[in-house]
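Enquirer: Data file protein_28.tsv (TSV, C-alpha atoms) is appended below.
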```tsv
chain	number	residue	atom	x	y	z
A	926	ALA	CA	140.55	122.95	19.07
A	927	ASN	CA	143.03	120.44	20.50
A	928	ASP	CA	144.37	122.82	23.17
A	929	ASP	CA	143.42	120.20	25.74
A	930	ASN	CA	146.47	118.11	24.78
A	931	ALA	CA	149.90	118.46	23.17
A	932	ARG	CA	149.75	115.50	20.77
A	933	TRP	CA	149.47	117.83	17.78
A	934	LEU	CA	152.55	119.96	18.53
A	935	ARG	CA	155.36	117.76	17.19
A	936	PRO	CA	153.56	116.65	14.00
A	937	ALA	CA	152.32	120.18	13.27
A	938	PHE	CA	155.73	121.82	13.65
A	939	ALA	CA	157.39	119.00	11.70
A	940	GLN	CA	155.09	119.79	8.77
A	941	MET	CA	155.62	123.55	9.13
A	942	HIS	CA	159.38	123.02	9.01
A	943	ARG	CA	158.99	120.72	6.00
A	944	VAL	CA	157.08	123.27	3.90
A	945	LEU	CA	159.04	126.36	5.00
A	946	LYS	CA	161.67	127.41	2.51
A	947	ASP	CA	165.27	127.23	3.63
A	948	GLY	CA	166.25	130.54	5.20
A	949	GLY	CA	162.64	131.24	6.20
A	950	PHE	CA	161.11	132.24	9.51
A	951	CYS	CA	158.31	131.01	11.72
A	952	VAL	CA	156.73	133.17	14.44
A	953	SER	CA	155.09	130.97	17.05
A	954	PHE	CA	152.89	132.29	19.81
A	955	TYR	CA	152.73	130.02	22.82
A	956	GLY	CA	151.24	129.84	26.29
A	957	TRP	CA	153.90	130.58	28.92
A	958	ASN	CA	152.83	127.56	30.96
A	959	LYS	CA	153.44	125.25	27.96
A	960	VAL	CA	156.78	126.67	26.79
A	961	ASP	CA	158.63	123.41	27.47
A	962	LEU	CA	156.31	121.48	25.15
A	963	PHE	CA	156.62	124.09	22.40
A	964	VAL	CA	160.43	124.35	22.61
A	965	ASP	CA	160.65	120.56	22.46
A	966	ALA	CA	158.42	120.48	19.35
A	967	TRP	CA	160.33	123.31	17.63
A	968	LYS	CA	163.72	121.70	18.21
A	969	ALA	CA	162.49	118.23	17.22
A	970	ALA	CA	161.22	119.70	13.93
A	971	GLY	CA	164.59	121.31	13.20
A	972	PHE	CA	163.80	124.94	13.97
A	973	ARG	CA	166.44	127.18	15.50
A	974	ILE	CA	165.31	129.78	18.04
A	975	VAL	CA	166.67	133.16	16.89
A	976	GLY	CA	164.58	135.60	18.92
A	977	HIS	CA	161.85	136.18	21.47
A	978	LEU	CA	159.03	138.71	21.10
A	979	VAL	CA	156.90	140.32	23.77
A	980	PHE	CA	153.63	141.98	22.82
A	981	ARG	CA	152.68	144.59	25.42
A	982	LYS	CA	148.96	144.96	26.12
A	983	ARG	CA	147.27	147.87	27.86
A	984	TYR	CA	144.85	145.43	29.48
A	985	ALA	CA	145.03	142.13	31.33
A	986	SER	CA	143.87	139.01	29.47
A	987	SER	CA	143.40	137.37	32.83
A	988	ALA	CA	144.52	137.76	36.41
A	989	ARG	CA	145.61	135.06	38.79
A	990	PHE	CA	148.93	135.35	40.58
A	991	LEU	CA	149.79	138.14	38.14
A	992	ARG	CA	147.89	140.41	35.77
A	993	TYR	CA	148.77	138.96	32.36
A	994	GLU	CA	149.37	142.07	30.24
A	995	HIS	CA	151.48	140.62	27.47
A	996	GLU	CA	151.65	137.84	24.92
A	997	GLN	CA	154.84	136.28	23.68
A	998	ALA	CA	156.15	134.51	20.63
A	999	TYR	CA	159.42	132.99	19.54
A	1000	LEU	CA	161.09	133.77	16.24
A	1001	LEU	CA	162.22	130.50	14.71
A	1002	ALA	CA	164.43	129.98	11.68
A	1003	LYS	CA	164.99	127.21	9.19
A	1004	GLY	CA	168.57	127.06	8.02
A	1005	ASP	CA	170.61	130.23	8.02
A	1006	PRO	CA	168.36	133.16	7.04
A	1007	GLU	CA	169.61	136.61	6.11
A	1008	LEU	CA	169.32	139.30	8.74
A	1009	PRO	CA	166.37	141.65	8.14
A	1010	ALA	CA	167.19	145.06	6.66
A	1011	ARG	CA	165.26	146.78	9.45
A	1012	PRO	CA	165.00	144.60	12.57
A	1013	VAL	CA	161.82	145.12	14.57
A	1014	PRO	CA	161.97	145.71	18.33
A	1015	ASP	CA	161.55	142.65	20.50
A	1016	VAL	CA	158.80	144.44	22.45
A	1017	LEU	CA	155.81	145.60	20.39
A	1018	ASP	CA	152.52	147.20	21.36
A	1019	PHE	CA	149.50	144.95	20.99
A	1020	PRO	CA	146.41	147.16	20.54
A	1021	TYR	CA	143.21	145.59	21.80
A	1022	THR	CA	141.07	144.13	19.03
A	1023	GLY	CA	138.01	143.61	21.19
A	1024	ASN	CA	138.31	139.91	20.32
A	1025	ARG	CA	135.10	140.26	18.36
A	1026	LEU	CA	136.12	137.70	15.74
A	1027	HIS	CA	138.08	135.18	17.83
A	1028	PRO	CA	138.90	134.67	21.53
A	1029	THR	CA	142.65	135.19	20.91
A	1030	GLN	CA	142.39	137.60	17.98
A	1031	LYS	CA	145.69	139.28	17.13
A	1032	PRO	CA	145.92	142.91	15.95
A	1033	VAL	CA	146.76	143.27	12.27
A	1034	ALA	CA	149.06	146.25	12.97
A	1035	ALA	CA	151.46	144.18	15.12
A	1036	LEU	CA	151.46	141.29	12.65
A	1037	ARG	CA	152.18	143.63	9.73
A	1038	LYS	CA	155.43	144.69	11.42
A	1039	LEU	CA	156.58	141.07	11.67
A	1040	ILE	CA	155.55	140.09	8.17
A	1041	GLY	CA	157.14	143.25	6.78
A	1042	ALA	CA	160.43	142.47	8.51
A	1043	PHE	CA	160.71	138.78	7.66
A	1044	THR	CA	159.16	138.46	4.19
A	1045	GLN	CA	159.25	140.16	0.81
A	1046	PRO	CA	156.34	141.08	-1.49
A	1047	GLY	CA	155.18	137.96	-3.30
A	1048	ASP	CA	156.39	135.60	-0.53
A	1049	LEU	CA	153.90	133.10	0.84
A	1050	VAL	CA	152.79	133.55	4.45
A	1051	LEU	CA	151.28	130.43	6.03
A	1052	ASP	CA	149.12	130.60	9.13
A	1053	PRO	CA	148.31	127.02	10.13
A	1054	PHE	CA	146.13	128.22	13.04
A	1055	SER	CA	144.46	131.14	11.28
A	1056	GLY	CA	141.59	131.81	13.69
A	1057	SER	CA	139.97	135.07	12.56
A	1058	GLY	CA	142.48	135.60	9.74
A	1059	SER	CA	144.50	138.50	11.23
A	1060	THR	CA	147.81	137.13	9.90
A	1061	LEU	CA	146.26	136.56	6.49
A	1062	ALA	CA	144.86	140.11	6.44
A	1063	ALA	CA	148.27	141.55	7.40
A	1064	ALA	CA	149.98	139.48	4.68
A	1065	HIS	CA	147.41	140.57	2.08
A	1066	LEU	CA	147.79	144.25	2.98
A	1067	LEU	CA	151.57	143.92	2.51
A	1068	GLY	CA	151.31	142.27	-0.91
A	1069	ARG	CA	152.24	138.79	0.26
A	1070	ASP	CA	150.54	135.62	-0.86
A	1071	TRP	CA	148.81	133.90	2.02
A	1072	LEU	CA	147.41	130.54	3.02
A	1073	GLY	CA	145.44	129.80	6.16
A	1074	VAL	CA	144.35	126.59	7.85
A	1075	GLU	CA	141.74	126.46	10.61
A	1076	LEU	CA	140.11	123.43	12.27
A	1077	ASP	CA	137.10	125.23	13.73
A	1078	VAL	CA	134.41	125.66	11.06
A	1079	GLU	CA	133.02	128.91	12.51
A	1080	HIS	CA	136.46	130.53	12.70
A	1081	TYR	CA	137.28	129.26	9.20
A	1082	GLN	CA	134.13	130.97	7.92
A	1083	THR	CA	134.98	134.18	9.81
A	1084	ALA	CA	138.47	134.29	8.28
A	1085	GLY	CA	137.06	133.47	4.85
A	1086	LYS	CA	134.57	136.35	5.01
A	1087	ARG	CA	137.25	138.71	6.26
A	1088	MET	CA	139.59	137.85	3.40
A	1089	ALA	CA	136.79	137.97	0.80
A	1090	ALA	CA	135.93	141.50	2.00
A	1091	LEU	CA	139.58	142.58	1.65
A	1092	GLN	CA	139.79	141.13	-1.84
A	1093	GLU	CA	136.52	142.81	-2.85
A	1094	ARG	CA	137.83	146.13	-1.51
A	1095	ASP	CA	140.95	145.68	-3.67
A	1096	ARG	CA	138.85	144.86	-6.75
A	1097	LYS	CA	136.76	148.00	-6.29
A	1098	ALA	CA	139.88	150.15	-5.76
A	1099	ALA	CA	141.45	148.78	-8.94
A	1100	ALA	CA	138.29	149.43	-11.00
```
Write the structure described by the file as structure tokens, please.

Expert:
Amino acid sequence: ANDDNARWLRPAFAQMHRVLKDGGFCVSFYGWNKVDLFVDAWKAAGFRIVGHLVFRKRYASSARFLRYEHEQAYLLAKGDPELPARPVPDVLDFPYTGNRLHPTQKPVAALRKLIGAFTQPGDLVLDPFSGSGSTLAAAHLLGRDWLGVELDVEHYQTAGKRMAALQERDRKAAA
């Protein structure tokens, strides 16, 4: 929803920066052909770019002038965060999810590495574009609190069912 225009970028990142604790991180995926709009929104919100991530795929998402076999994200910081104890590589494998739950579904394994590096157990992980809930699932599996926002009702329901199943699994394991 709303990928047909960039009006939402500045207000959305302004709110993300507002609610992020000082010294916190934001990982933002972006489309390579819209990087100028994203960088403008990040800087206007007050984020500082502290890293760039490349997620290597073993398949092409699409092919035009090139075969697009990666996704990318920027690591953004608010304030002056501490360096992670174990920095993750800036190139990570991105196993194929089959995109059964969402057209741009992210693999939980790759997201777990990021969440593990940039948060501590009990921290809150916010995914304001939660889609199928992969980020929320990764946060849950690592013992982080999580909060997701999704405009599309069907994707919201998918993420809700996914998280309810994880919580039910935890309840049964604890019993």

Enquirer: For segment 1093-1100 of chain A, list every protein, DNA or RNA residue within 12 Å, evaluated using only C-alpha atoms, and leave out those in the same chain fewer than 5 positions away; present the list as JSON, numbers by chain.

Expert: {"A": [1065, 1066, 1068, 1086, 1087, 1088]}

Enquirer: Could you tell me which of A:Lys1031, A:Lys1038, A:Arg1025, A:His1080 comes closest to Gln997 of chain A if we count only C-alpha atoms?

Expert: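 Closest to Gln997 of chain A of all the choices is A:Lys1031.
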
Enquirer: Considering all atoms listed in the file, can you say which of A:Ala1063, A:Leu1039, A:Leu1017, A:Met941 comes closest to Arg983 of chain A?

Expert: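 Comparing A:Ala1063, A:Leu1039, A:Leu1017, A:Met941 against Arg983 of chain A, the winner is A:Leu1017.
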
Enquirer: Choose the residue, out of A:Leu945, A:Ala966, A:Val1016, A:Ala1062, that has the smallest atom-to-atom separation from Ala1084 of chain A; count only C-alpha atoms.

Expert: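 Closest to Ala1084 of chain A, using only C-alpha atoms: A:Ala1062.
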
Enquirer: Which residue gives the smallest distance to Leu1061 of chain A among A:Asp947, A:Gln1045, A:Phe980, A:Ile1040, with all atoms listed in the file counted?

Expert: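 So, comparing all the options, the nearest one is A:Ile1040.
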
Enquirer: Rank A:Gly1047, A:Gly1056, A:Pro1006, A:Gly1041 by their smallest atom-to-atom distance to Gly948 of chain A, using all atoms listed in the file, and report the top residue only.

Expert: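 Result for the nearest residue to Gly948 of chain A: A:Pro1006.
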
Enquirer: Set the distance at 9 Å and use only C-alpha atoms: which residues neighbour Pro1053 of chain A once local chain neighbours fewer than 4 positions away are removed? I'd like the list as number ranges by chain.

Expert: A: 937, 941, 1072-1075

Enquirer: What box, with edges along x, y and z, holds each listed atom of segment 928-937 of chain A when 8 Å is added on every side, and can you state its centre and edge lengths in Å to one decimal, as JSON?

Expert:
```
{"center_x": 149.4, "center_y": 119.2, "center_z": 19.5, "size_x": 27.9, "size_y": 23.3, "size_z": 28.5}
```

Enquirer: Measure the distance from atom CA of Asp1070 of chain A to atom CA of Asp1048 of chain A in Å and round it to one decimal.

Expert: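 Answer for the atom CA of Asp1070 of chain A to atom CA of Asp1048 of chain A separation: 5.9 Å.
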
Enquirer: Taking only C-alpha atoms into account, name the residue in A:Ser987, A:Thr1029, A:Thr1044, A:Asn1024 that is nearest to Arg1069 of chain A.

Expert: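 Of the candidates, the smallest distance to Arg1069 of chain A is held by A:Thr1044.
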
Enquirer: Just how far from atom CA of Tyr955 of chain A is atom CA of Val979 of chain A, in Å to one decimal?

Expert: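 Spanning atom CA of Val979 of chain A to atom CA of Tyr955 of chain A is a straight-line distance of 11.2 Å.
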
Enquirer: Between atom CA of Cys951 of chain A and atom CA of Ala1002 of chain A, what is the distance in Å, rounded to a tenth?

Expert: 6.2 Å

Enquirer: Can you pull out the residues contacting Arg973 of chain A? Cut-off 9 Å, using only C-alpha atoms, and skip same-chain residues under 4 positions away; I want them as a VMD selection string.

Expert: chain A and resid 967 to 968 1000 to 1004
